[in-house]
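Here's data_33.cif, which has mmCIF, C-alpha atoms:
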```cif
data_target
#
loop_
_atom_site.label_atom_id
_atom_site.label_comp_id
_atom_site.auth_asym_id
_atom_site.auth_seq_id
_atom_site.Cartn_x
_atom_site.Cartn_y
_atom_site.Cartn_z
CA MET X 1 -0.23 -6.74 -8.14
CA ALA X 2 -2.69 -8.84 -10.09
CA THR X 3 -1.44 -12.30 -10.71
CA ALA X 4 -2.26 -14.30 -13.78
CA THR X 5 -3.44 -17.45 -11.96
CA ALA X 6 -6.19 -19.14 -13.97
CA PRO X 7 -9.65 -18.54 -12.47
CA SER X 8 -11.46 -21.64 -11.22
CA ALA X 9 -14.45 -23.10 -13.05
CA ASP X 10 -16.84 -22.38 -10.17
CA PHE X 11 -15.73 -18.75 -10.08
CA LEU X 12 -16.30 -18.45 -13.82
CA ALA X 13 -19.75 -20.02 -13.50
CA ALA X 14 -20.71 -17.65 -10.67
CA LEU X 15 -19.37 -14.66 -12.57
CA HIS X 16 -21.30 -15.64 -15.68
CA GLU X 17 -24.51 -16.02 -13.69
CA TYR X 18 -24.11 -12.70 -11.87
CA GLN X 19 -22.44 -10.66 -14.60
CA PRO X 20 -25.66 -8.70 -15.33
CA LEU X 21 -25.83 -7.74 -11.63
CA VAL X 22 -22.26 -6.40 -11.72
CA ARG X 23 -22.98 -4.57 -14.99
CA ARG X 24 -26.05 -2.92 -13.43
CA VAL X 25 -23.93 -1.68 -10.50
CA CYS X 26 -21.42 -0.23 -12.98
CA ARG X 27 -24.22 1.35 -15.00
CA LEU X 28 -25.62 3.09 -11.94
CA TYR X 29 -22.28 4.42 -10.71
CA CYS X 30 -20.61 5.43 -13.98
CA GLN X 31 -22.07 7.32 -16.91
CA ASP X 32 -19.09 7.00 -19.20
CA ALA X 33 -18.74 3.64 -21.01
CA ASP X 34 -14.98 3.53 -20.37
CA ASP X 35 -15.50 4.22 -16.66
CA GLN X 36 -18.15 1.48 -16.56
CA GLN X 37 -15.68 -0.98 -18.07
CA ASP X 38 -12.93 0.12 -15.65
CA LEU X 39 -15.26 -0.34 -12.69
CA PHE X 40 -16.40 -3.72 -14.01
CA GLN X 41 -12.80 -4.90 -14.25
CA GLU X 42 -12.01 -3.61 -10.77
CA ILE X 43 -15.04 -5.40 -9.30
CA VAL X 44 -14.15 -8.64 -11.09
CA LEU X 45 -10.58 -8.36 -9.78
CA GLN X 46 -11.82 -7.92 -6.20
CA LEU X 47 -14.34 -10.77 -6.59
CA TRP X 48 -11.62 -13.05 -7.85
CA ARG X 49 -9.31 -12.12 -4.97
CA ALA X 50 -12.05 -12.66 -2.39
CA TRP X 51 -13.39 -15.87 -3.98
CA PRO X 52 -11.01 -18.29 -2.14
CA ARG X 53 -12.30 -16.93 1.19
CA TYR X 54 -15.96 -17.19 0.22
CA VAL X 55 -17.70 -19.83 2.31
CA PRO X 56 -21.26 -20.69 1.18
CA GLN X 57 -23.65 -20.50 4.12
CA PRO X 58 -27.23 -21.74 4.22
CA ASP X 59 -28.60 -18.38 5.44
CA ALA X 60 -26.46 -16.18 3.17
CA LYS X 61 -26.89 -15.82 -0.56
CA LEU X 62 -24.03 -15.54 -3.02
CA SER X 63 -25.72 -12.45 -4.43
CA THR X 64 -25.43 -10.72 -1.00
CA TRP X 65 -21.70 -11.34 -1.01
CA LEU X 66 -21.46 -10.06 -4.58
CA TYR X 67 -23.47 -6.91 -3.85
CA ARG X 68 -21.18 -6.17 -0.90
CA ILE X 69 -18.01 -6.39 -2.94
CA ALA X 70 -19.45 -4.57 -5.95
CA LEU X 71 -20.80 -1.73 -3.80
CA ASN X 72 -17.65 -1.52 -1.71
CA VAL X 73 -15.57 -1.11 -4.86
CA ALA X 74 -18.02 1.35 -6.44
CA ILE X 75 -18.51 3.54 -3.34
CA SER X 76 -15.01 3.58 -1.93
CA ASN X 77 -13.36 3.66 -5.32
CA LEU X 78 -9.81 4.72 -4.42
CA ARG X 79 -8.75 4.67 -8.01
CA GLN X 80 -7.11 7.90 -9.04
CA ARG X 81 -9.32 8.61 -12.01
CA THR X 82 -8.16 10.81 -14.77
CA ARG X 83 -10.78 13.51 -14.89
CA ARG X 84 -11.44 13.52 -18.57
CA PRO X 85 -14.47 15.41 -19.81
CA ALA X 86 -17.42 13.05 -20.17
CA SER X 87 -18.06 12.32 -23.82
CA VAL X 88 -21.73 11.68 -23.06
CA SER X 89 -23.74 13.95 -20.79
CA VAL X 90 -25.76 12.57 -17.90
CA GLU X 91 -29.00 13.55 -19.59
CA ASP X 92 -27.99 11.88 -22.88
CA GLU X 93 -27.10 8.70 -21.05
CA ALA X 94 -30.32 8.80 -19.03
CA TRP X 95 -32.27 9.22 -22.27
CA HIS X 96 -30.42 6.26 -23.75
CA LEU X 97 -31.27 4.10 -20.71
CA ALA X 98 -34.89 5.15 -20.75
CA GLN X 99 -35.90 2.87 -23.59
CA PRO X 100 -39.64 2.27 -23.59
CA VAL X 101 -40.80 -0.93 -21.95
CA GLU X 102 -43.65 -2.86 -23.41
CA GLY X 103 -46.81 -1.95 -21.53
CA SER X 104 -45.13 0.89 -19.63
CA ALA X 105 -47.45 3.69 -18.59
CA TYR X 106 -44.63 6.22 -18.61
CA GLU X 107 -43.10 8.33 -21.33
CA PRO X 108 -39.36 7.92 -21.99
CA GLU X 109 -38.92 11.57 -20.90
CA GLU X 110 -40.19 10.72 -17.40
CA THR X 111 -37.88 7.73 -17.15
CA ALA X 112 -34.94 9.79 -18.39
CA ALA X 113 -35.69 12.48 -15.80
CA LEU X 114 -35.71 9.87 -13.03
CA TYR X 115 -32.41 8.38 -14.23
CA ALA X 116 -30.89 11.86 -14.34
CA ALA X 117 -32.14 12.52 -10.79
CA ILE X 118 -30.58 9.24 -9.61
CA ASN X 119 -27.30 10.22 -11.25
CA ARG X 120 -27.23 13.38 -9.18
CA LEU X 121 -27.48 11.45 -5.88
CA SER X 122 -24.44 10.75 -3.71
CA ASP X 123 -22.65 7.39 -4.02
CA VAL X 124 -24.15 6.23 -0.70
CA ASP X 125 -27.69 7.17 -1.76
CA LYS X 126 -27.15 5.38 -5.06
CA ALA X 127 -26.45 2.17 -3.10
CA PHE X 128 -29.92 2.41 -1.52
CA VAL X 129 -31.49 3.08 -4.93
CA LEU X 130 -29.63 0.17 -6.51
CA LEU X 131 -30.70 -2.34 -3.84
CA TYR X 132 -34.27 -1.04 -4.04
CA LEU X 133 -34.34 -1.37 -7.82
CA GLU X 134 -32.84 -4.83 -7.46
CA ASP X 135 -35.82 -5.70 -5.24
CA ARG X 136 -33.69 -6.68 -2.24
CA PRO X 137 -35.66 -7.04 1.01
CA TYR X 138 -34.84 -4.66 3.85
CA ASP X 139 -33.07 -7.33 5.92
CA GLU X 140 -30.73 -8.12 3.03
CA MET X 141 -30.15 -4.41 2.37
CA ALA X 142 -29.25 -3.99 6.04
CA ASP X 143 -26.88 -6.95 5.81
CA ILE X 144 -25.17 -5.59 2.69
CA LEU X 145 -24.89 -2.03 3.98
CA GLY X 146 -24.02 -2.90 7.59
CA ILE X 147 -26.77 -0.79 9.19
CA THR X 148 -30.03 -1.67 10.92
CA GLN X 149 -33.23 -2.40 9.03
CA ASN X 150 -34.79 0.62 10.68
CA ASN X 151 -31.99 2.84 9.34
CA VAL X 152 -32.48 1.34 5.90
CA ARG X 153 -36.18 2.27 6.02
CA VAL X 154 -35.42 5.82 7.16
CA LYS X 155 -32.68 6.33 4.57
CA MET X 156 -34.76 4.80 1.79
CA HIS X 157 -37.61 7.14 2.61
CA ARG X 158 -35.25 10.13 2.46
CA VAL X 159 -33.72 9.06 -0.82
CA GLN X 160 -37.19 8.80 -2.35
CA GLU X 161 -38.01 12.27 -1.00
CA LYS X 162 -34.82 13.67 -2.54
CA LEU X 163 -35.73 12.13 -5.90
CA ARG X 164 -39.27 13.53 -5.74
CA LYS X 165 -37.95 17.01 -4.99
CA GLN X 166 -35.45 16.81 -7.83
CA LEU X 167 -38.15 15.67 -10.23
CA VAL X 168 -40.45 18.52 -9.15
CA ARG X 169 -37.60 21.01 -9.68
CA ALA X 170 -36.87 19.51 -13.08
CA MET M 1 -42.70 8.46 -11.96
CA GLU M 2 -41.30 6.77 -8.84
CA LEU M 3 -38.61 4.21 -8.10
CA ASP M 4 -41.25 1.48 -7.88
CA ASP M 5 -42.21 2.17 -11.48
CA LEU M 6 -38.61 1.97 -12.57
CA ARG M 7 -38.01 -1.44 -11.01
CA ARG M 8 -39.55 -3.45 -13.84
CA GLN M 9 -37.55 -1.59 -16.43
CA TRP M 10 -34.36 -1.87 -14.37
CA GLN M 11 -34.52 -5.60 -14.08
CA ARG M 12 -35.36 -6.38 -17.67
CA PRO M 13 -32.66 -8.39 -19.41
CA GLU M 14 -30.05 -6.49 -21.41
CA PRO M 15 -30.86 -6.36 -25.15
CA ALA M 16 -27.62 -8.18 -25.84
CA ALA M 17 -26.84 -10.92 -23.33
CA PRO M 18 -23.41 -10.37 -21.77
CA LEU M 19 -20.65 -12.41 -23.27
CA ALA M 20 -19.46 -15.35 -21.20
CA LEU M 21 -15.94 -14.70 -19.96
CA THR M 22 -13.68 -17.56 -21.01
CA PRO M 23 -10.89 -18.60 -18.60
CA SER M 24 -8.27 -17.10 -20.92
CA ALA M 25 -10.19 -13.83 -21.37
CA LEU M 26 -10.69 -13.51 -17.64
CA GLY M 27 -7.06 -14.43 -16.96
CA ALA M 28 -5.96 -11.70 -19.38
CA LEU M 29 -8.36 -9.21 -17.77
CA LEU M 30 -7.02 -9.99 -14.29
CA ALA M 31 -3.41 -9.78 -15.43
CA ARG M 32 -4.06 -6.45 -17.16
CA GLN M 33 -5.94 -4.94 -14.26
CA ARG M 34 -3.50 -3.05 -12.04
CA GLY M 35 -6.00 -2.22 -9.30
CA GLY M 36 -6.63 1.04 -7.51
CA LEU M 37 -4.73 3.27 -5.13
CA VAL M 38 -4.35 0.55 -2.47
CA ASP M 39 -2.77 -1.80 -5.02
CA LYS M 40 -0.37 0.92 -6.09
CA MET M 41 0.55 1.59 -2.46
CA ARG M 42 1.12 -2.12 -1.87
CA ARG M 43 3.37 -2.36 -4.91
CA ASN M 44 5.38 0.66 -3.75
CA ALA M 45 5.64 -0.70 -0.21
CA ARG M 46 6.88 -4.07 -1.54
CA TRP M 47 9.56 -2.38 -3.66
CA GLU M 48 10.67 -0.25 -0.72
CA THR M 49 10.74 -3.34 1.53
CA ALA M 50 12.91 -5.14 -1.02
CA LEU M 51 15.24 -2.13 -1.22
CA ALA M 52 15.58 -1.89 2.58
CA ALA M 53 16.17 -5.66 2.81
CA GLY M 54 18.80 -5.45 0.04
CA ILE M 55 20.66 -2.62 1.79
CA ALA M 56 20.48 -4.49 5.11
CA ALA M 57 21.91 -7.62 3.43
CA LEU M 58 24.72 -5.59 1.83
CA LEU M 59 25.57 -4.06 5.20
CA LEU M 60 25.60 -7.47 6.83
CA VAL M 61 28.09 -8.68 4.23
CA ALA M 62 30.24 -5.52 4.22
CA LEU M 63 30.40 -4.81 7.97
CA PRO M 64 32.63 -7.74 9.05
CA GLN M 65 35.07 -6.87 6.27
CA THR M 66 35.77 -3.26 7.23
CA ARG M 67 38.62 -2.50 9.65
CA ASN M 68 37.72 1.15 10.31
CA SER M 69 35.84 1.28 13.62
CA LEU M 70 34.02 4.49 12.65
CA PHE M 71 32.69 2.89 9.46
CA ARG M 72 31.73 -0.16 11.52
CA LEU M 73 29.84 2.02 13.98
CA TYR M 74 28.01 3.83 11.20
CA GLY M 75 27.38 0.64 9.32
CA GLY M 76 25.81 -0.69 12.52
CA PHE M 77 23.61 2.42 12.83
CA SER M 78 22.55 2.09 9.21
CA LEU M 79 21.76 -1.58 9.73
CA LEU M 80 19.59 -0.72 12.74
CA LEU M 81 17.83 1.93 10.65
CA MET M 82 17.15 -0.59 7.88
CA LEU M 83 15.77 -3.08 10.42
CA GLY M 84 13.53 -0.31 11.80
CA LEU M 85 12.37 0.47 8.27
CA LEU M 86 11.67 -3.21 7.59
CA TYR M 87 9.45 -3.32 10.70
CA TYR M 88 7.71 -0.15 9.51
CA TYR M 89 7.05 -1.68 6.08
CA TYR M 90 5.82 -4.90 7.71
CA ARG M 91 3.23 -2.86 9.65
CA LEU M 92 2.40 -0.80 6.55
CA LEU M 93 1.76 -3.90 4.44
CA GLY M 94 -0.47 -5.25 7.21
CA VAL M 95 -2.60 -2.09 7.11
CA LEU M 96 -2.72 -2.16 3.31
CA ARG M 97 -3.80 -5.82 3.38
CA GLN M 98 -6.74 -4.82 5.57
CA LEU M 99 -7.65 -2.02 3.19
CA ALA M 100 -7.74 -4.42 0.25
CA GLU M 101 -10.37 -6.61 1.96
CA THR M 102 -13.72 -5.80 0.31
CA SER M 103 -16.08 -8.61 1.28
CA GLY M 104 -17.45 -7.01 4.47
CA SER M 105 -20.52 -4.81 4.71
CA VAL M 106 -20.35 -1.36 3.11
CA ARG M 107 -20.26 0.39 6.49
CA GLY M 108 -17.62 -2.01 7.86
CA HIS M 109 -15.52 -1.46 4.75
CA LEU M 110 -15.75 2.33 5.08
CA VAL M 111 -14.81 2.17 8.78
CA ARG M 112 -11.80 -0.02 7.92
CA LEU M 113 -10.72 2.26 5.09
CA CYS M 114 -10.99 5.42 7.18
CA GLY M 115 -9.07 3.84 10.09
CA GLY M 116 -6.44 2.37 7.78
CA LEU M 117 -5.87 5.60 5.86
CA ARG M 118 -5.60 7.57 9.11
CA GLN M 119 -2.99 5.06 10.32
CA LEU M 120 -1.09 5.41 7.03
CA LEU M 121 -1.14 9.18 7.31
CA ARG M 122 0.30 8.98 10.82
CA PHE M 123 2.93 6.40 9.74
CA ASN M 124 4.11 8.44 6.77
CA TYR M 125 4.05 11.75 8.61
CA ARG M 126 6.13 10.47 11.53
CA LEU M 127 8.57 8.64 9.28
CA THR M 128 9.11 11.68 7.04
CA LEU M 129 9.55 14.02 10.01
CA ALA M 130 12.04 11.69 11.70
CA THR M 131 14.16 11.09 8.58
CA TRP M 132 15.81 14.51 8.21
CA PRO M 133 16.92 15.05 11.85
CA THR M 134 18.22 11.46 11.98
CA LEU M 135 20.19 11.99 8.79
CA LEU M 136 21.69 15.25 10.08
CA LEU M 137 22.62 13.64 13.41
CA LEU M 138 24.35 10.80 11.56
CA ILE M 139 26.26 13.25 9.35
CA TYR M 140 27.29 15.34 12.36
CA GLY M 141 28.26 12.30 14.38
CA PHE M 142 30.34 11.01 11.48
CA PHE M 143 32.10 14.40 11.17
CA VAL M 144 32.87 14.55 14.92
CA GLY M 145 34.02 10.92 14.86
CA ARG M 146 36.46 11.67 12.02
CA LEU M 147 37.87 14.62 14.00
CA LEU M 148 38.26 12.48 17.11
CA ALA M 149 40.08 9.84 15.10
CA GLN M 150 42.59 12.37 13.78
CA ALA M 151 45.91 12.88 15.57
CA GLY M 152 46.53 16.26 17.19
CA PRO M 153 44.38 18.55 19.34
CA PHE M 154 40.61 18.26 19.05
CA ARG M 155 39.15 21.13 16.93
CA TRP M 156 36.31 22.39 19.09
CA GLN M 157 35.80 25.40 16.87
CA ALA M 158 35.18 23.30 13.75
CA VAL M 159 32.77 21.09 15.71
CA ALA M 160 30.82 24.11 16.98
CA ILE M 161 30.67 25.90 13.60
CA THR M 162 29.62 22.75 11.72
CA GLY M 163 27.06 22.00 14.43
CA GLY M 164 25.65 25.52 14.16
CA ILE M 165 25.44 25.42 10.37
CA LEU M 166 23.77 21.99 10.41
CA LEU M 167 21.33 23.13 13.11
CA VAL M 168 20.23 26.26 11.22
CA PHE M 169 20.14 24.43 7.89
CA GLY M 170 18.31 21.51 9.51
CA VAL M 171 15.65 23.69 11.11
CA VAL M 172 15.00 25.62 7.88
CA VAL M 173 14.73 22.45 5.82
CA GLN M 174 12.62 20.72 8.51
CA VAL M 175 10.08 23.56 8.49
CA GLY M 176 9.82 23.16 4.71
CA VAL M 177 9.55 19.39 5.07
CA VAL M 178 6.68 19.76 7.57
CA TYR M 179 4.70 22.01 5.23
CA PHE M 180 5.47 19.96 2.13
CA THR M 181 4.66 16.65 3.87
CA ARG M 182 1.31 17.98 5.07
CA TRP M 183 0.45 19.26 1.61
CA TYR M 184 1.61 16.06 -0.10
CA LEU M 185 -0.19 13.69 2.32
CA GLN M 186 -3.35 15.77 2.05
CA ARG M 187 -3.10 15.52 -1.73
CA LEU M 188 -2.31 11.80 -1.69
CA TYR M 189 -4.64 10.50 1.03
CA GLY M 190 -6.50 13.49 2.47
CA GLN M 191 -9.01 13.94 -0.32
CA HIS M 192 -9.86 10.21 -0.24
CA LEU M 193 -10.12 10.27 3.53
CA ASP M 194 -12.43 13.31 3.53
CA ARG M 195 -14.66 11.66 0.93
CA LEU M 196 -14.77 8.31 2.79
CA GLU M 197 -15.50 9.96 6.15
CA GLY M 198 -18.27 11.97 4.50
CA GLN M 199 -19.77 8.75 3.12
CA LEU M 200 -19.56 7.10 6.52
CA ARG M 201 -21.31 10.05 8.17
CA GLU M 202 -23.95 9.93 5.46
CA LEU M 203 -24.53 6.22 6.04
CA ASP M 204 -24.70 6.63 9.82
CA ASP M 205 -26.89 9.70 9.72
CA SER M 206 -30.46 8.47 9.99
CA SER M 207 -31.56 10.41 13.05
CA THR M 208 -31.67 13.90 11.61
CA PRO M 209 -34.45 14.89 9.26
CA ALA M 210 -33.73 14.98 5.55
CA GLY M 211 -32.77 18.39 4.21
#
```

Would you write out, as structure tokens, the structure that this file holds?
Amino acid sequence: MATATAPSADFLAALHEYQPLVRRVCRLYCQDADDQQDLFQEIVLQLWRAWPRYVPQPDAKLSTWLYRIALNVAISNLRQRTRRPASVSVEDEAWHLAQPVEGSAYEPEETAALYAAINRLSDVDKAFVLLYLEDRPYDEMADILGITQNNVRVKMHRVQEKLRKQLVRA
Amino acid sequence: MELDDLRRQWQRPEPAAPLALTPSALGALLARQRGGLVDKMRRNARWETALAAGIAALLLVALPQTRNSLFRLYGGFSLLLMLGLLYYYYRLLGVLRQLAETSGSVRGHLVRLCGGLRQLLRFNYRLTLATWPTLLLLIYGFFVGRLLAQAGPFRWQAVAITGGILLVFGVVVQVGVVYFTRWYLQRLYGQHLDRLEGQLRELDDSSTPAG
């Protein structure tokens, strides 16, 4: 049961700094805005519970610890979700996310297609995509995912292949 | 367009900067958040532990005050059962505590979840299967004990007929319990377990070529 103990100032500061990271994880794993908010709250709850056991180490970043918890919650989400029909389709959401970037050489349609392809990946594959988009080096990805760097390379290559195939089919 | 091209867009700041969570807002969020399936299971296990402890305490108070030796005997059995249940819930809460730990690597977390859920399935299956025969044995023993305590000749016929009825009834109900328990546990944990094991296989599988 969640207790109402006041969160510490250092936890609040860390959460404020890394809130965009947590939001991006939610955005990648949930299309529906309500589901995104539910996942965000669940991740924050788990971060808060784990915070007293977090020990800063010189060779480990806080972001690595945060990615682990956020991905663990997102992938192994044991929440019994009510399967309500999505009010926004995957393609609509992908189109919404694909806002043009200044100087971008790509049309919003291409970006939307890539987002839609990512949405069709499995939860595990999405973790690889997320860490890749977040520009995490392979050693950190291996640390977060608990597999070897070589496996990360192999899996990353396969995920990119899957996305290419999906884009060709689309 | 490839993932590399998407990176720049992905990392651009949100149009509206996220609101800073104040201590009170975060406190309210944490108090409101009831957690996932593991949290629900922990809450249920705590309530059941409290119930078993309450019954055990009641028995401890009531037992010395009863004069009937049969009631004493059965009170003692019930107390032992409650102590057994308390040990079971202690183990169950330990497994659930492990499941709630999320700060390890993704693979480590999946391994822990799969192992923990398998353990829970075994726990619940064995406990449910043992409950009905134990209850019937207690009822039968109580009935035989009452007959033995009565004055006059022992009624072997009544003992045999009651035993036969309880046996047939017990077997029929137990078969139903087995099927229902399997269906219920599959519905409650099985689908999660299948999904988690699939994810673990997917994470481990880097030797076979991509399909």

Closest pair table for region 85-147 of chain M residues within 8 Å of region 188-206 of chain M, only C-alpha atoms, as a tab-separated table:
```
residue	atom	partner	partner_atom	distance
M:Arg107	CA	M:Leu200	CA	6.7
M:Leu110	CA	M:Leu200	CA	6.3
M:Val111	CA	M:Leu200	CA	7.2
M:Leu113	CA	M:Leu196	CA	7.6
M:Cys114	CA	M:Leu193	CA	6.1
M:Leu117	CA	M:Leu193	CA	6.7
M:Arg118	CA	M:Leu193	CA	7.7
M:Leu121	CA	M:Tyr189	CA	7.3
```

I'd like to see the residues matched by the PyMOL selection byres ((chain X and resi 120) around 12) on this file, and ideally I'd get them as a PDB file with C-alpha atoms, in the coordinates of the input.
```
ATOM      1  CA  LEU X  28     -25.620   3.090 -11.940  1.00  0.00           C
ATOM      2  CA  TYR X  29     -22.280   4.420 -10.710  1.00  0.00           C
ATOM      3  CA  CYS X  30     -20.610   5.430 -13.980  1.00  0.00           C
ATOM      4  CA  GLN X  31     -22.070   7.320 -16.910  1.00  0.00           C
ATOM      5  CA  VAL X  90     -25.760  12.570 -17.900  1.00  0.00           C
ATOM      6  CA  GLU X  91     -29.000  13.550 -19.590  1.00  0.00           C
ATOM      7  CA  ALA X  94     -30.320   8.800 -19.030  1.00  0.00           C
ATOM      8  CA  ALA X 113     -35.690  12.480 -15.800  1.00  0.00           C
ATOM      9  CA  LEU X 114     -35.710   9.870 -13.030  1.00  0.00           C
ATOM     10  CA  TYR X 115     -32.410   8.380 -14.230  1.00  0.00           C
ATOM     11  CA  ALA X 116     -30.890  11.860 -14.340  1.00  0.00           C
ATOM     12  CA  ALA X 117     -32.140  12.520 -10.790  1.00  0.00           C
ATOM     13  CA  ILE X 118     -30.580   9.240  -9.610  1.00  0.00           C
ATOM     14  CA  ASN X 119     -27.300  10.220 -11.250  1.00  0.00           C
ATOM     15  CA  LEU X 121     -27.480  11.450  -5.880  1.00  0.00           C
ATOM     16  CA  SER X 122     -24.440  10.750  -3.710  1.00  0.00           C
ATOM     17  CA  ASP X 123     -22.650   7.390  -4.020  1.00  0.00           C
ATOM     18  CA  VAL X 124     -24.150   6.230  -0.700  1.00  0.00           C
ATOM     19  CA  ASP X 125     -27.690   7.170  -1.760  1.00  0.00           C
ATOM     20  CA  LYS X 126     -27.150   5.380  -5.060  1.00  0.00           C
ATOM     21  CA  VAL X 129     -31.490   3.080  -4.930  1.00  0.00           C
ATOM     22  CA  VAL X 159     -33.720   9.060  -0.820  1.00  0.00           C
ATOM     23  CA  LYS X 162     -34.820  13.670  -2.540  1.00  0.00           C
ATOM     24  CA  LEU X 163     -35.730  12.130  -5.900  1.00  0.00           C
ATOM     25  CA  GLN X 166     -35.450  16.810  -7.830  1.00  0.00           C
ATOM     26  CA  LEU X 167     -38.150  15.670 -10.230  1.00  0.00           C
TER      27      LEU X 167
END
```

Pull out every residue that the PyMOL selection byres ((chain M and resi 57) around 12) matches in the shown coordinates and put them as an MDAnalysis selection string. chainID M and resid 50:56 58:63 75 78:80 82:83 86

I'd like the residues picked by the PyMOL selection byres ((chain M and resi 133) around 12) written out as a PyMOL selection string, using the chain letters and numbers from the file. chain M and resi 126-132+134-141+166-175+177

Quick check, in Å to one decimal: how far apart do CA of Leu3 (chain M) and CA of Gln160 (chain X) lie?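 Value for the CA of Leu3 (chain M)-CA of Gln160 (chain X) distance: 7.5 Å.
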
For chain X, which of M:Thr162, M:Ser103, M:Asn68, M:Asn124 is the closest residue, counting all atoms listed in the file?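 Looking at the shortest contact to chain X, the residue is M:Ser103.
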
Do you know which residues are at most 12 Å from Tyr138 (chain X) counting only C-alpha atoms, after dropping those on the same chain fewer than 4 positions away, and could you put them as a list of chain:residue names? X:Phe128, X:Leu131, X:Tyr132, X:Glu134, X:Ala142, X:Asp143, X:Ile144, X:Leu145, X:Gly146, X:Ile147, X:Thr148, X:Gln149, X:Asn150, X:Asn151, X:Val152, X:Arg153, X:Val154, X:Lys155, X:Met156

X:Ala127, X:Gln37, X:Thr111, X:Pro58 ranked by distance to Ile75 (chain X), top pick (using only C-alpha atoms): X:Ala127

Give me the residues within 9 Å of Leu47 (chain X) as a PyMOL selection string, counting all atoms listed in the file and dropping any in the same chain fewer than 3 places off. (chain X and resi 11+15+42-44+50-51+66+69-70) or (chain M and resi 102-103)

Give the answer as one residue: which of X:Trp48, X:Trp65, X:Ala9, X:Arg24 has the shortest atom-to-atom distance to Gly104 (chain M), using all atoms listed in the file?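 Of X:Trp48, X:Trp65, X:Ala9, X:Arg24, the one nearest Gly104 (chain M) is X:Trp65, counting all atoms listed in the file.
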
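The space between CA of Leu26 (chain M) and CA of Asn72 (chain X) spans 21.1 Å.
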